[in-house]
Amino acid sequence: MSSYTANSLKAELNARGWRLTPQREKILHVFQNLPRGNHLSAEELFELLEERGETISLSTIYRSVKLMSRMGILRELELAEGHKHYELNHPHPNHHHHMVCIQCNKTTEFKNDSILKHSLKQCDKEGYQLIDCQLTVMTICPEAIRMGWPSSLPSNWICTRAISDEHNHEFSDSEGESE
């Protein structure tokens, strides 16, 4: 899969009987400019577009990200917060997976070529075409373990990683990417 442009998205949508609406183009643009390691939920995308003065309804955003993920343009991620997140689906050399702390929801990306190679081999064997391959590893972060998870962790404890991420949530490039 190659990187999507507005023209390639338009061609693919047209081939499937859909249109490239201004809303879909704006959503694609947000994900194209999102720093690596950042993921957006539909609600976060709505808020970001609203801050930029764009008026796209939340229901249109939900339908658009669902369509774009079915087309393989976006990756739909099941992370720890209980709702889906999305990111641009990059070509195989940039393929990555996620470790998620179930205590603080900190998400860390990692690469492992053997997972992708095994998936490609299995798809080839069965005659399938790989659209996406993702592994989400549910974890407990080192800070929660140091604080005594699970028995002595205070019920009101908030991980400093989570506080730091909220503070830096202005889509900085430093979050989460491990090579």
# chains A, B, ... in the order shown; residues from 1 in each chain; ligands from 1

$ select_by_dssp --residues "stretch 33-140 of chain A" --states "helix (DSSP H, G or I)" --output "MDAnalysis selection string"
chainID A and resid 42:51 58:70 92:94 113:126

$ residues_around --residues "A:Asn33" --least-positions-apart "4" --cutoff "10 Å" --atoms "only C-alpha atoms" --output "PyMOL selection string"
chain A and resi 28-29+88

$ write_last_selection --atoms "all heavy atoms" --output "tab-separated table (two decimals), in the first residue's frame"
chain	number	residue	atom	x	y	z
A	28	LEU	N	-8.47	13.34	5.76
A	28	LEU	CA	-7.22	12.78	5.24
A	28	LEU	C	-6.06	13.72	5.52
A	28	LEU	O	-4.99	13.29	5.96
A	28	LEU	CB	-7.34	12.50	3.74
A	28	LEU	CG	-6.06	12.01	3.06
A	28	LEU	CD1	-5.61	10.66	3.62
A	28	LEU	CD2	-6.25	11.93	1.55
A	29	HIS	N	-6.26	15.01	5.30
A	29	HIS	CA	-5.20	16.00	5.51
A	29	HIS	C	-4.72	16.01	6.97
A	29	HIS	O	-3.52	16.09	7.23
A	29	HIS	CB	-5.71	17.39	5.09
A	29	HIS	CG	-4.68	18.46	5.20
A	29	HIS	ND1	-3.63	18.58	4.33
A	29	HIS	CD2	-4.53	19.44	6.12
A	29	HIS	CE1	-2.88	19.60	4.70
A	29	HIS	NE2	-3.40	20.13	5.78
A	88	LEU	N	-2.77	7.04	10.14
A	88	LEU	CA	-2.55	6.76	8.74
A	88	LEU	C	-1.90	5.39	8.61
A	88	LEU	O	-1.00	5.04	9.37
A	88	LEU	CB	-1.64	7.85	8.15
A	88	LEU	CG	-1.73	8.10	6.65
A	88	LEU	CD1	-3.14	8.45	6.22
A	88	LEU	CD2	-0.77	9.21	6.27

$ residues_around --residues "A:Leu40" --least-positions-apart "5" --cutoff "6 Å" --atoms "only C-alpha atoms" --output "MDAnalysis selection string"
chainID A and resid 45 85:86

$ select_by_dssp --residues "stretch 5-133 of chain A" --states "strand (DSSP E or B)" --output "PyMOL selection string"
chain A and resi 40+74-78+84-88+97-101+107-110

$ atom_distance --atom1 "atom CA of A:Glu50" --atom2 "atom CA of A:Ser8"
26.0 Å
